[in-house]
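Asks: Questions regarding the structure given below will be posed in turn.
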Amino acid sequence: MKKQILTHVGIIVAMLAVACVYLSPALGGKAIRQGDIQKSDAMAYEQRQAKKHLGYTPHWASSMFSGMPGYQITNDPQHSVFQPVKNAVTLTHIGWERNIGIIFLYLLGFYVAMLAFGASPWIALIGALGFGLGSYNIIIIEAGHVTKAWAMAMMAPVLAGMFLTLNSATDPELEKRQRTLRVLWGSLLFTLALILQISFNHIQITFYTAIGCVAMGIAYLVRAIVKRQLVPYLLKVGILVVGAALAFGSNAKLLLVNEEYARHTMRGGNELNVSPADLYGENLGEAQNTSTGLSIDYAFNWSYGVGETYTLLVPGAYGGGSGEKVSTESSFYKSFRSEYAPLYWGDQPFTSGPVYFGAIVVLLFAMGLIVVKGAERWWLLAATLLAILLSWGHNLMGFNEWVFNTLPFYNKFRTPSMALVLANVSMAILACLTLKSVFNRENSDADRKRINLGLYCATGALVALMLVVMIASGSFSFSGTADQQMAAQYGPQWDTIFAALASDRAALLRSDTWRSILFIILAAAALWLYNNQKIKKPAIIIALVGVLVVVDLWGVDRRYLNEGNFVEKSQLELRRDQYDYDIDQQAAAFGDQDYRVFNLAVNTFNDSKPSAFHHQVGGYSAAKLSRYQNLIDFYLSRRIKPEVLNMLNARYIVQAQNGKAVVMRNPDALGNAWFVSDIKWVNNADEEILALNDFNPATTAVIDLTQAESLKAFSPTPDSTATIRLEHQQQNNPDYRKYLSHSKSNQLAVFSEIHYAPDWYAYIDGKPAEYVRANYVLRAMVIPAGDHVIEFKNEAPRAAKLNNITLVVSIVTLLAMCGAIVLVYRKKKTKKQ
């Protein structure tokens, strides 16, 4: 036992060392230039600054899209006893959660999973390295997709816990005691891994994990029926269902608050039956409308090509990345003296690099289809094939459209190519199980013959495939989706550019083909030598295969994440641009406070950096409010409606002129609140948004009859002396707005604040008051005559309530886990006595 513990500790230390060596510049204080992290830091800047004086992270982010819920930007940790575990496994306390901690968690999660699948520690280590160093897993670190990476690291442990639990129910060779222990540790691993995965807040990865779980569940259901073990199987399924319920309950706040928010976002669907084309009378290429989720065109935008799937075996088959580093001997460098070339020629708009699982991992997976016995190979094969089919998106439209419209929640997700994360896990698991079979000391002559058969078939098929593709590549066009855009951009020069690109794309395909062939032959030879007892010491071959796996994947990974991606941390600090200073200067001169900026000098609705320093009409979010996205599509992107900018209080407009960002003050911006003299009633959302094309927001409020019954009898009375103003906060609290009003008669006030009824509550002189939606996205309220204090408070009642529920359920879950361990081992001790 002591030796086993020391072995596990040593391997965990070795895995941490691998992560540290790969990302060694981080040890010297440098940071990766992670695009999504930089966006996230800018998005969350206002909330984090407010937390310093509030003591908590506000629920509202007022610096982007005229204000939006901040649940998908940054939050205080939910109240859960498992939060320390989350911080520990991601190495958060050391400050490595965004870099070294990711690779470490990949390796640790898969290592634990393979131990649960019955692999030896050293084979589990090879499996961990084979999964953790897969190119996509490394590339997303460079991109800054941190929560996705954490969630991916928990996929194998969730599946392993389920395997350990279900396998005990359908294996009649196990003794009762062994079954009990497997159920105990399997259900505990399943529950804990699922708790962590959900807490990492990337539900799309949890969705793909669920697909793998369903595939496994069906495989073991069939086996249970065949072996007449249905009742034990159903009992174990019941245990897993309880574990899943506890995992979801331990993340109740995160799941349910985001579920409520999602209904109001782009992922919740689009309530409109009209489009900008209806308004402007021209085809502007709007995506298909959907009332329950994302439009299928938008969701399927990043679909992996059918032929592009070949990159799982040959990394450079489709050119690698959209900015691939090329050698000085390449045609592109010789022609244009550029070290980076757009070599990618696949179906996606662009990509940072290929999804490469490793030639040896693919070899072992193919072998496993013959070598590995039992239900494991079937559900792993099913999960792999389904993941690949899903990744094709619009390239397999009949199947994927049906899945998109049928499978629950699937229409909330985008980027079909992401489904390959499930294939990565399932193929790596089967590859590891293949090694387990090869190095099984109890193998008979018949077992060795089957292993040889699998080795010959897999090696022969893969090498033959690669040679055929390489020969056939002479007829490939080497032209991809992005080339059309570049052709339009470069005009007559494109033919020369494309000739160089095509030459380098073909050369990369050939060189990487020979590279994969070499690794397959070397690994196959090593396995053959052991299986045929030419080398009888398994440690030698296991070490050799492990080294080959690392060298193979490491070499490809370094193309996309290496020392060149690191910079000094000071270079990543948020800094004001010159136009930010210009805005501040003009605002000081005019006495402007609490205004918004419409920045056309950047990618207005895809850049969060400007939101760090001024409240923006634009910004960046993959989950912005659906109504605000509609407002952008109709009035703020293709054609800009000044009246809409005015009602959003866009006091400053930044435009690019002669290569410089020029700041202009908008004197017509309506401020934070104003009284209107007229109401334009509409009957539905379609009429509501179309009405904004022809109205004066300074005098008229557009209100939907269906949500303003209380206002039907109200008619504003003109009062030239009426005033309403926002009281400026010395220390910004995004969750609070206070206004002072004066009028001789009842008035209708419109507030330049985004309407989000679930969280915002209104008060007049400290008493609750009703408010309605106006102008499609804003708030409006009847203000009585006299002098009054109007307050809006973001109370987020659901979040507060669910925090308590989450804490209680997480405590119950921990107690149940500990109680199960004590109960099982206490019985064991009692029986011994």
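Chain labels follow the order of the structure tokens: the first chain is A, the next B, and so on; residue numbering restarts at 1 in every chain, and ligands are counted from 1 in their shown order.
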With DSSP run on the backbone, what are the helix (DSSP H, G or I) residues within range 26-152 of chain A? I'd like them as a PyMOL selection string.
Replies: chain A and resi 26-28+35-54+83-89+92-94+100-116+121-132+135-143+146-152
Asks: Would you list the contacts of Tyr635 in chain A as a list in words, taking every protein, DNA or RNA residue within 9 Å and counting only C-alpha atoms, but skipping same-chain residues closer than 2 positions in sequence?
Replies: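 Answer for this query is Pro276, Asn630, Leu631, Ile632, Asp633, Ser637, Arg638, Arg639, Ile640, Lys641, Pro642, Val644, Leu645, Leu692 and Asn693 of chain A.
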Asks: Can you list, as a ChimeraX atom specification, every protein, DNA or RNA residue that comes within 12 Å of Gln578 in chain A when you count only C-alpha atoms, leaving out same-chain residues fewer than 5 positions away?
Replies: /A:583-585,601,610,613,654,660-663
Asks: Keeping all heavy atoms, export the residues of the selection given above as a tab-separated table (two decimals), in the first residue's frame.
Replies:
```tsv
chain	number	residue	atom	x	y	z
A	583	ILE	N	-12.08	61.81	-24.49
A	583	ILE	CA	-13.45	61.79	-23.96
A	583	ILE	C	-13.48	62.43	-22.58
A	583	ILE	O	-14.34	63.27	-22.28
A	583	ILE	CB	-14.01	60.36	-23.91
A	583	ILE	CG1	-14.19	59.80	-25.33
A	583	ILE	CG2	-15.34	60.32	-23.16
A	583	ILE	CD1	-14.53	58.32	-25.35
A	584	ASP	N	-12.53	62.03	-21.73
A	584	ASP	CA	-12.49	62.59	-20.37
A	584	ASP	C	-12.31	64.11	-20.40
A	584	ASP	O	-12.94	64.84	-19.62
A	584	ASP	CB	-11.32	61.96	-19.59
A	584	ASP	CG	-11.56	60.49	-19.28
A	584	ASP	OD1	-12.73	60.06	-19.34
A	584	ASP	OD2	-10.58	59.78	-18.99
A	585	GLN	N	-11.47	64.56	-21.32
A	585	GLN	CA	-11.20	66.00	-21.41
A	585	GLN	C	-12.45	66.76	-21.83
A	585	GLN	O	-12.80	67.80	-21.24
A	585	GLN	CB	-10.06	66.24	-22.40
A	585	GLN	CG	-9.56	67.67	-22.43
A	585	GLN	CD	-8.37	67.83	-23.35
A	585	GLN	OE1	-8.21	67.12	-24.34
A	585	GLN	NE2	-7.51	68.80	-23.04
A	601	ALA	N	-14.52	53.31	-33.85
A	601	ALA	CA	-13.11	53.18	-34.22
A	601	ALA	C	-12.59	51.77	-33.96
A	601	ALA	O	-11.47	51.45	-34.35
A	601	ALA	CB	-12.27	54.19	-33.46
A	610	PRO	N	-12.86	48.79	-24.81
A	610	PRO	CA	-13.34	50.14	-24.48
A	610	PRO	C	-14.24	50.19	-23.25
A	610	PRO	O	-14.33	51.23	-22.60
A	610	PRO	CB	-14.12	50.54	-25.75
A	610	PRO	CG	-13.50	49.73	-26.84
A	610	PRO	CD	-13.17	48.42	-26.20
A	613	PHE	N	-13.13	51.46	-19.51
A	613	PHE	CA	-12.91	52.84	-19.07
A	613	PHE	C	-14.11	53.76	-19.29
A	613	PHE	O	-14.16	54.83	-18.71
A	613	PHE	CB	-11.68	53.41	-19.79
A	613	PHE	CG	-10.46	52.57	-19.59
A	613	PHE	CD1	-9.91	51.85	-20.63
A	613	PHE	CD2	-9.87	52.48	-18.34
A	613	PHE	CE1	-8.79	51.06	-20.44
A	613	PHE	CE2	-8.75	51.69	-18.13
A	613	PHE	CZ	-8.20	50.98	-19.18
A	654	VAL	N	-17.07	57.93	-31.17
A	654	VAL	CA	-15.67	57.82	-31.61
A	654	VAL	C	-15.65	57.25	-33.02
A	654	VAL	O	-16.23	56.19	-33.26
A	654	VAL	CB	-14.85	56.93	-30.66
A	654	VAL	CG1	-13.38	56.92	-31.09
A	654	VAL	CG2	-14.99	57.39	-29.22
A	660	LYS	N	-6.84	57.87	-37.42
A	660	LYS	CA	-6.90	58.30	-36.02
A	660	LYS	C	-8.32	58.17	-35.49
A	660	LYS	O	-9.29	58.28	-36.24
A	660	LYS	CB	-6.42	59.74	-35.89
A	660	LYS	CG	-4.95	59.97	-36.18
A	660	LYS	CD	-4.58	61.43	-36.00
A	660	LYS	CE	-4.82	61.90	-34.59
A	660	LYS	NZ	-4.42	63.31	-34.37
A	661	ALA	N	-8.44	57.95	-34.19
A	661	ALA	CA	-9.74	57.89	-33.55
A	661	ALA	C	-10.12	59.31	-33.10
A	661	ALA	O	-9.43	59.92	-32.28
A	661	ALA	CB	-9.71	56.96	-32.35
A	662	VAL	N	-11.20	59.81	-33.65
A	662	VAL	CA	-11.65	61.18	-33.37
A	662	VAL	C	-12.92	61.13	-32.53
A	662	VAL	O	-13.86	60.40	-32.84
A	662	VAL	CB	-11.91	61.94	-34.68
A	662	VAL	CG1	-12.43	63.34	-34.38
A	662	VAL	CG2	-10.65	61.99	-35.53
A	663	VAL	N	-12.94	61.92	-31.45
A	663	VAL	CA	-14.07	61.96	-30.53
A	663	VAL	C	-14.98	63.14	-30.85
A	663	VAL	O	-14.51	64.28	-30.98
A	663	VAL	CB	-13.59	62.07	-29.07
A	663	VAL	CG1	-14.77	62.18	-28.11
A	663	VAL	CG2	-12.73	60.86	-28.72
```
Asks: Can you tell me, as a PyMOL selection string, which residues in range 534-776 of chain A count as strand (DSSP E or B) by DSSP?
Replies: chain A and resi 566-568+596-599+616+625+636+640+650-657+660-665+673-676+678-682+700-704+723-726+736-743+747-754+760-764+767-769+772-774
Asks: For each of A:Ala156, A:Leu522, A:Val9, A:Ile195, take the minimum atom-to-atom distance to Gly546 in chain A, counting only C-alpha atoms, then give the residue where this is smallest.
Replies: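 Closest to Gly546 in chain A of all the choices is A:Leu522.
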Asks: For range 361-365 of chain A, find every residue with an atom within 7 Å (counting only C-alpha atoms), except residues of its own chain fewer than 6 positions away, and show them as an NGL selection string.
Replies: :A and (130 or 313 or 427-428 or 430-431 or 434 or 458-459 or 520)
Asks: Restricted to N, CA and C atoms, what would the selected residues look like written as a PDB file, in the first residue's frame?
Replies:
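Result saved to again.pdb:
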```pdb
ATOM      1  N   GLY A 130      -1.433  11.419 -23.346  1.00  0.00           N
ATOM      2  CA  GLY A 130      -2.042  11.355 -24.669  1.00  0.00           C
ATOM      3  C   GLY A 130      -3.254  12.248 -24.790  1.00  0.00           C
ATOM      4  N   LEU A 313      -5.495  12.631 -37.371  1.00  0.00           N
ATOM      5  CA  LEU A 313      -4.376  11.725 -37.631  1.00  0.00           C
ATOM      6  C   LEU A 313      -3.157  12.441 -38.198  1.00  0.00           C
ATOM      7  N   MET A 427     -11.542   8.422 -27.558  1.00  0.00           N
ATOM      8  CA  MET A 427     -10.452   7.752 -28.264  1.00  0.00           C
ATOM      9  C   MET A 427      -9.247   7.548 -27.359  1.00  0.00           C
ATOM     10  N   ALA A 428      -8.960   8.501 -26.501  1.00  0.00           N
ATOM     11  CA  ALA A 428      -7.836   8.351 -25.573  1.00  0.00           C
ATOM     12  C   ALA A 428      -8.117   7.257 -24.543  1.00  0.00           C
ATOM     13  N   LEU A 430     -10.051   4.528 -25.017  1.00  0.00           N
ATOM     14  CA  LEU A 430      -9.909   3.236 -25.678  1.00  0.00           C
ATOM     15  C   LEU A 430      -8.444   2.940 -25.993  1.00  0.00           C
ATOM     16  N   ALA A 431      -7.687   3.965 -26.355  1.00  0.00           N
ATOM     17  CA  ALA A 431      -6.251   3.778 -26.588  1.00  0.00           C
ATOM     18  C   ALA A 431      -5.568   3.259 -25.330  1.00  0.00           C
ATOM     19  N   THR A 434      -6.433  -0.278 -24.671  1.00  0.00           N
ATOM     20  CA  THR A 434      -5.673  -1.147 -25.575  1.00  0.00           C
ATOM     21  C   THR A 434      -4.317  -1.476 -24.967  1.00  0.00           C
ATOM     22  N   ALA A 458      -4.684  -2.324 -37.759  1.00  0.00           N
ATOM     23  CA  ALA A 458      -4.696  -0.883 -37.489  1.00  0.00           C
ATOM     24  C   ALA A 458      -3.529  -0.191 -38.174  1.00  0.00           C
ATOM     25  N   THR A 459      -2.323  -0.780 -38.047  1.00  0.00           N
ATOM     26  CA  THR A 459      -1.150  -0.168 -38.670  1.00  0.00           C
ATOM     27  C   THR A 459      -1.280  -0.156 -40.179  1.00  0.00           C
ATOM     28  N   ILE A 520       3.641   6.082 -36.069  1.00  0.00           N
ATOM     29  CA  ILE A 520       2.834   4.857 -36.036  1.00  0.00           C
ATOM     30  C   ILE A 520       3.715   3.627 -36.171  1.00  0.00           C
TER      31      ILE A 520
END
```
